[in-house]
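**Q** Take this structure, written in structure tokens, and hold onto it; I'll ask about it next.
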Amino acid sequence: MEPTKYTQFTTDEKKLIDYAKEKILEYCKKRKSEGLYDTIYAFILSENDQIYEGTFLELPSGVGFCSERAAIANMILKETEKAKIKVLLVACPVPKSLDKPLTPCGACRLAIEKFGTEKTTILCSEFIRKENGWEIFPKIWKFKIEDLYPFPWKDPWKEL
Ligand SMILES: [Zn+2]
């Protein structure tokens with residue numbers, strides 16, 4: 001399936017996009033002022049209309065974890081593991097706008113499937129550091145979890 005670049009969004013998606021834009025700018029400015037590079041952020045709008053955030057945990061030996069799972073853990077902290085994702089947005093810093101979406105890794109797809117529904121939308125975007133600021137979300141790609149993870153892993157003793 002060839003991914004589609006979307007310009008039409010639901011009210012919920014717009015709410016998360018606007019929130020994420022503002023927050024990414026805030027976090028990027030802070031990191032730049034500390035002499036740091038830009039990093040990856042994930043945002044979730046839960047079924048309860050609460051917003052959660054996460055960033056990439058980078059550790060030596062590759063034992064860190066991704067922004068999407070960090071945001072999901074924050075959602076679980078507040079709402080328990082009964083929480084569901086309505087919209088998830090992940091945004092990655094890039095040197096220039098890409099022709100293809102940067103989508104969640106396999107581990108994150110598993111987590112999104114577990115805490116999502118068939119209606120959950122996954123928005124994948126990017127942002128670019130420029131001389132006078134940042135260009136945030138020059139394009140946004142939209143998926144359902146079924147597009148990214150059509151045959152999800154299930155515990156055969158519990159879920160099949
Ligand atoms: Zn991941």
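Identifiers in the structure tokens: chain A, B, ... in order shown; residue index from 1 per chain; ligand index from 1 in order shown.
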How would you write, as a ChimeraX atom specification, the set of residues no farther than 8 Å from ligand 1 when counting only C-alpha atoms and all ligand atoms?

**A** /A:65-69,104-109

**Q** Go ahead and save the residues from that selection, with N, CA and C atoms, as a compact mmCIF listing (two decimals), in the first residue's frame.

**A**
# COMPACT_ATOMS: atom_id res chain seq x y z
N PHE A 65 14.20 3.24 24.97
CA PHE A 65 12.96 2.91 24.27
C PHE A 65 12.38 4.13 23.57
N CYS A 66 11.38 3.88 22.76
CA CYS A 66 10.85 4.89 21.85
C CYS A 66 9.84 5.82 22.52
N SER A 67 9.66 6.97 21.89
CA SER A 67 8.72 7.99 22.35
C SER A 67 7.28 7.46 22.43
N GLU A 68 6.89 6.65 21.44
CA GLU A 68 5.50 6.17 21.41
C GLU A 68 5.20 5.34 22.66
N ARG A 69 6.13 4.43 23.03
CA ARG A 69 5.89 3.59 24.20
C ARG A 69 6.00 4.41 25.49
N PRO A 104 6.15 4.10 13.23
CA PRO A 104 6.61 3.45 14.47
C PRO A 104 7.32 2.12 14.20
N CYS A 105 8.27 1.77 15.09
CA CYS A 105 9.01 0.50 14.96
C CYS A 105 8.09 -0.66 15.33
N GLY A 106 8.58 -1.87 15.16
CA GLY A 106 7.78 -3.07 15.44
C GLY A 106 7.27 -3.14 16.86
N ALA A 107 8.14 -2.84 17.83
CA ALA A 107 7.73 -2.90 19.25
C ALA A 107 6.62 -1.90 19.53
N CYS A 108 6.73 -0.71 18.95
CA CYS A 108 5.69 0.31 19.17
C CYS A 108 4.39 -0.07 18.47
N ARG A 109 4.48 -0.69 17.30
CA ARG A 109 3.25 -1.13 16.62
C ARG A 109 2.50 -2.12 17.49

**Q** Can you list, as a list in words, every protein, DNA or RNA residue that comes within 12 Å of A:Phe56 when you count only C-alpha atoms, leaving out same-chain residues fewer than 3 positions away?

**A** Asp38, Thr39, Ile40, Tyr41, Ala42, Phe43, Glu53, Leu59, Gly62, Val63, Gly64, Phe65, Cys66, Ser67, Glu68, Arg69, Ala70, Ala71, Val90, Ala91, Cys92, Pro93 and Cys108 of chain A

**Q** For a test of reading the model, state the distance in Å between atom CA of A:Ile128 and atom CA of A:Pro95, rounded to one decimal.

**A**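 Atom CA of A:Ile128 sits 6.0 Å away from atom CA of A:Pro95.
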
**Q** Pick the closest to A:Gly116 from A:Glu159, A:Asp99, A:Glu47, A:Glu58: which is it, counting only C-alpha atoms?

**A**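 Comparing A:Glu159, A:Asp99, A:Glu47, A:Glu58 against A:Gly116, the winner is A:Glu47.
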
**Q** Return as CSV the residues of stretch 83-138 of chain A lying at most 10 Å from stretch 15-29 of chain A, together with the closest atom-to-atom pair for each and the distance in Å to one decimal, counting only C-alpha atoms, with rows in chain order and ascending residue number.

**A**
residue,atom,partner,partner_atom,distance
A:Val87,CA,A:Leu16,CA,7.5
A:Leu88,CA,A:Leu16,CA,8.2
A:Leu89,CA,A:Leu16,CA,7.5
A:Val90,CA,A:Ala20,CA,9.1
A:Ala91,CA,A:Ile24,CA,8.7
A:Pro93,CA,A:Cys28,CA,9.8
A:Leu123,CA,A:Ile17,CA,8.8
A:Ser125,CA,A:Ile17,CA,9.9
A:Phe127,CA,A:Ile24,CA,8.7
A:Arg129,CA,A:Cys28,CA,8.7
A:Gly133,CA,A:Lys29,CA,8.3
A:Trp134,CA,A:Leu25,CA,7.1
A:Glu135,CA,A:Leu25,CA,9.2
A:Ile136,CA,A:Lys21,CA,6.4
A:Phe137,CA,A:Lys21,CA,7.7

**Q** Using C-alpha atoms, can you write the selected residues to a file as a PDB file, in the first residue's frame?

**A**
ATOM      1  CA  VAL A  87      -5.042   9.431  18.149  1.00  0.00           C
ATOM      2  CA  LEU A  88      -1.267   8.964  18.350  1.00  0.00           C
ATOM      3  CA  LEU A  89       1.112  11.413  16.713  1.00  0.00           C
ATOM      4  CA  VAL A  90       4.821  10.749  16.355  1.00  0.00           C
ATOM      5  CA  ALA A  91       7.219  13.364  15.002  1.00  0.00           C
ATOM      6  CA  PRO A  93      13.488  15.629  13.439  1.00  0.00           C
ATOM      7  CA  LEU A 123      -0.193  10.386  12.520  1.00  0.00           C
ATOM      8  CA  SER A 125       5.252  13.569  10.824  1.00  0.00           C
ATOM      9  CA  PHE A 127      10.085  18.719  11.825  1.00  0.00           C
ATOM     10  CA  ARG A 129      15.482  22.903  12.327  1.00  0.00           C
ATOM     11  CA  GLY A 133      13.288  28.439  14.049  1.00  0.00           C
ATOM     12  CA  TRP A 134      11.639  25.175  13.094  1.00  0.00           C
ATOM     13  CA  GLU A 135       9.351  24.054  10.318  1.00  0.00           C
ATOM     14  CA  ILE A 136       6.915  21.769  12.126  1.00  0.00           C
ATOM     15  CA  PHE A 137       4.830  19.166  10.298  1.00  0.00           C
TER      16      PHE A 137
END

**Q** Using DSSP on the backbone coordinates, identify the residues of stretch 64-120 of chain A assigned to alpha helix (DSSP H); present them as a list of chain:residue names.

**A**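 Put together, the selection reads A:Ser67, A:Glu68, A:Arg69, A:Ala70, A:Ala71, A:Ile72, A:Ala73, A:Asn74, A:Met75, A:Ile76, A:Leu77, A:Lys78, A:Glu79, A:Gly106, A:Ala107, A:Cys108, A:Arg109, A:Leu110, A:Ala111, A:Ile112, A:Glu113, A:Lys114.
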
**Q** Take the residues just selected and output them with N, CA and C atoms as an mmCIF file, in the first residue's frame.

**A**
data_model
loop_
_atom_site.group_PDB
_atom_site.id
_atom_site.type_symbol
_atom_site.label_atom_id
_atom_site.label_comp_id
_atom_site.auth_asym_id
_atom_site.auth_seq_id
_atom_site.Cartn_x
_atom_site.Cartn_y
_atom_site.Cartn_z
ATOM 1 N N SER A 67 9.665 6.965 21.894
ATOM 2 C CA SER A 67 8.718 7.986 22.347
ATOM 3 C C SER A 67 7.282 7.464 22.425
ATOM 4 N N GLU A 68 6.890 6.654 21.443
ATOM 5 C CA GLU A 68 5.504 6.174 21.412
ATOM 6 C C GLU A 68 5.202 5.344 22.660
ATOM 7 N N ARG A 69 6.131 4.430 23.026
ATOM 8 C CA ARG A 69 5.894 3.590 24.200
ATOM 9 C C ARG A 69 6.001 4.408 25.486
ATOM 10 N N ALA A 70 6.842 5.452 25.477
ATOM 11 C CA ALA A 70 6.919 6.338 26.653
ATOM 12 C C ALA A 70 5.574 7.049 26.846
ATOM 13 N N ALA A 71 4.970 7.520 25.752
ATOM 14 C CA ALA A 71 3.665 8.202 25.843
ATOM 15 C C ALA A 71 2.582 7.223 26.293
ATOM 16 N N ILE A 72 2.636 5.996 25.804
ATOM 17 C CA ILE A 72 1.651 4.975 26.208
ATOM 18 C C ILE A 72 1.803 4.686 27.703
ATOM 19 N N ALA A 73 3.046 4.578 28.193
ATOM 20 C CA ALA A 73 3.267 4.332 29.628
ATOM 21 C C ALA A 73 2.701 5.480 30.461
ATOM 22 N N ASN A 74 2.847 6.710 29.989
ATOM 23 C CA ASN A 74 2.281 7.856 30.716
ATOM 24 C C ASN A 74 0.748 7.807 30.738
ATOM 25 N N MET A 75 0.167 7.342 29.638
ATOM 26 C CA MET A 75 -1.292 7.198 29.587
ATOM 27 C C MET A 75 -1.748 6.139 30.603
ATOM 28 N N ILE A 76 -1.023 5.024 30.666
ATOM 29 C CA ILE A 76 -1.372 3.936 31.586
ATOM 30 C C ILE A 76 -1.236 4.396 33.044
ATOM 31 N N LEU A 77 -0.205 5.197 33.294
ATOM 32 C CA LEU A 77 0.012 5.712 34.654
ATOM 33 C C LEU A 77 -1.236 6.444 35.165
ATOM 34 N N LYS A 78 -1.823 7.276 34.299
ATOM 35 C CA LYS A 78 -2.984 8.087 34.719
ATOM 36 C C LYS A 78 -4.310 7.364 34.576
ATOM 37 N N GLU A 79 -4.437 6.506 33.567
ATOM 38 C CA GLU A 79 -5.765 5.946 33.259
ATOM 39 C C GLU A 79 -5.842 4.431 33.432
ATOM 40 N N GLY A 106 8.580 -1.871 15.165
ATOM 41 C CA GLY A 106 7.779 -3.069 15.438
ATOM 42 C C GLY A 106 7.270 -3.137 16.864
ATOM 43 N N ALA A 107 8.145 -2.840 17.833
ATOM 44 C CA ALA A 107 7.734 -2.904 19.246
ATOM 45 C C ALA A 107 6.619 -1.897 19.526
ATOM 46 N N CYS A 108 6.725 -0.714 18.949
ATOM 47 C CA CYS A 108 5.693 0.313 19.167
ATOM 48 C C CYS A 108 4.390 -0.065 18.468
ATOM 49 N N ARG A 109 4.482 -0.690 17.302
ATOM 50 C CA ARG A 109 3.254 -1.133 16.619
ATOM 51 C C ARG A 109 2.500 -2.120 17.494
ATOM 52 N N LEU A 110 3.250 -3.019 18.150
ATOM 53 C CA LEU A 110 2.623 -3.989 19.044
ATOM 54 C C LEU A 110 1.915 -3.260 20.191
ATOM 55 N N ALA A 111 2.597 -2.265 20.771
ATOM 56 C CA ALA A 111 2.024 -1.509 21.896
ATOM 57 C C ALA A 111 0.809 -0.695 21.444
ATOM 58 N N ILE A 112 0.879 -0.098 20.270
ATOM 59 C CA ILE A 112 -0.243 0.713 19.762
ATOM 60 C C ILE A 112 -1.447 -0.190 19.486
ATOM 61 N N GLU A 113 -1.181 -1.376 18.948
ATOM 62 C CA GLU A 113 -2.279 -2.324 18.675
ATOM 63 C C GLU A 113 -2.944 -2.735 19.978
ATOM 64 N N LYS A 114 -2.123 -2.975 21.006
ATOM 65 C CA LYS A 114 -2.660 -3.433 22.299
ATOM 66 C C LYS A 114 -3.498 -2.352 22.973
#

**Q** How many Å lie between atom CA of A:Arg31 and atom CA of A:Pro101, rounded to one decimal?

**A**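 That distance, rounded to one decimal, is 24.3 Å.
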
**Q** What is the atom CA of A:Lys84-atom CA of A:Tyr52 distance in Å, reported with one decimal?

**A** 11.8 Å

**Q** Which is closer to A:Val94 than all the others in A:Pro152, A:Gly54, A:Gly35, A:Pro138, using only C-alpha atoms?

**A** A:Pro138

**Q** Just asking: which residues within chain A are strand (DSSP E) according to DSSP, as a VMD selection string?

**A** chain A and resid 5 to 6 41 to 46 51 to 55 85 to 93 121 to 130 133 to 144
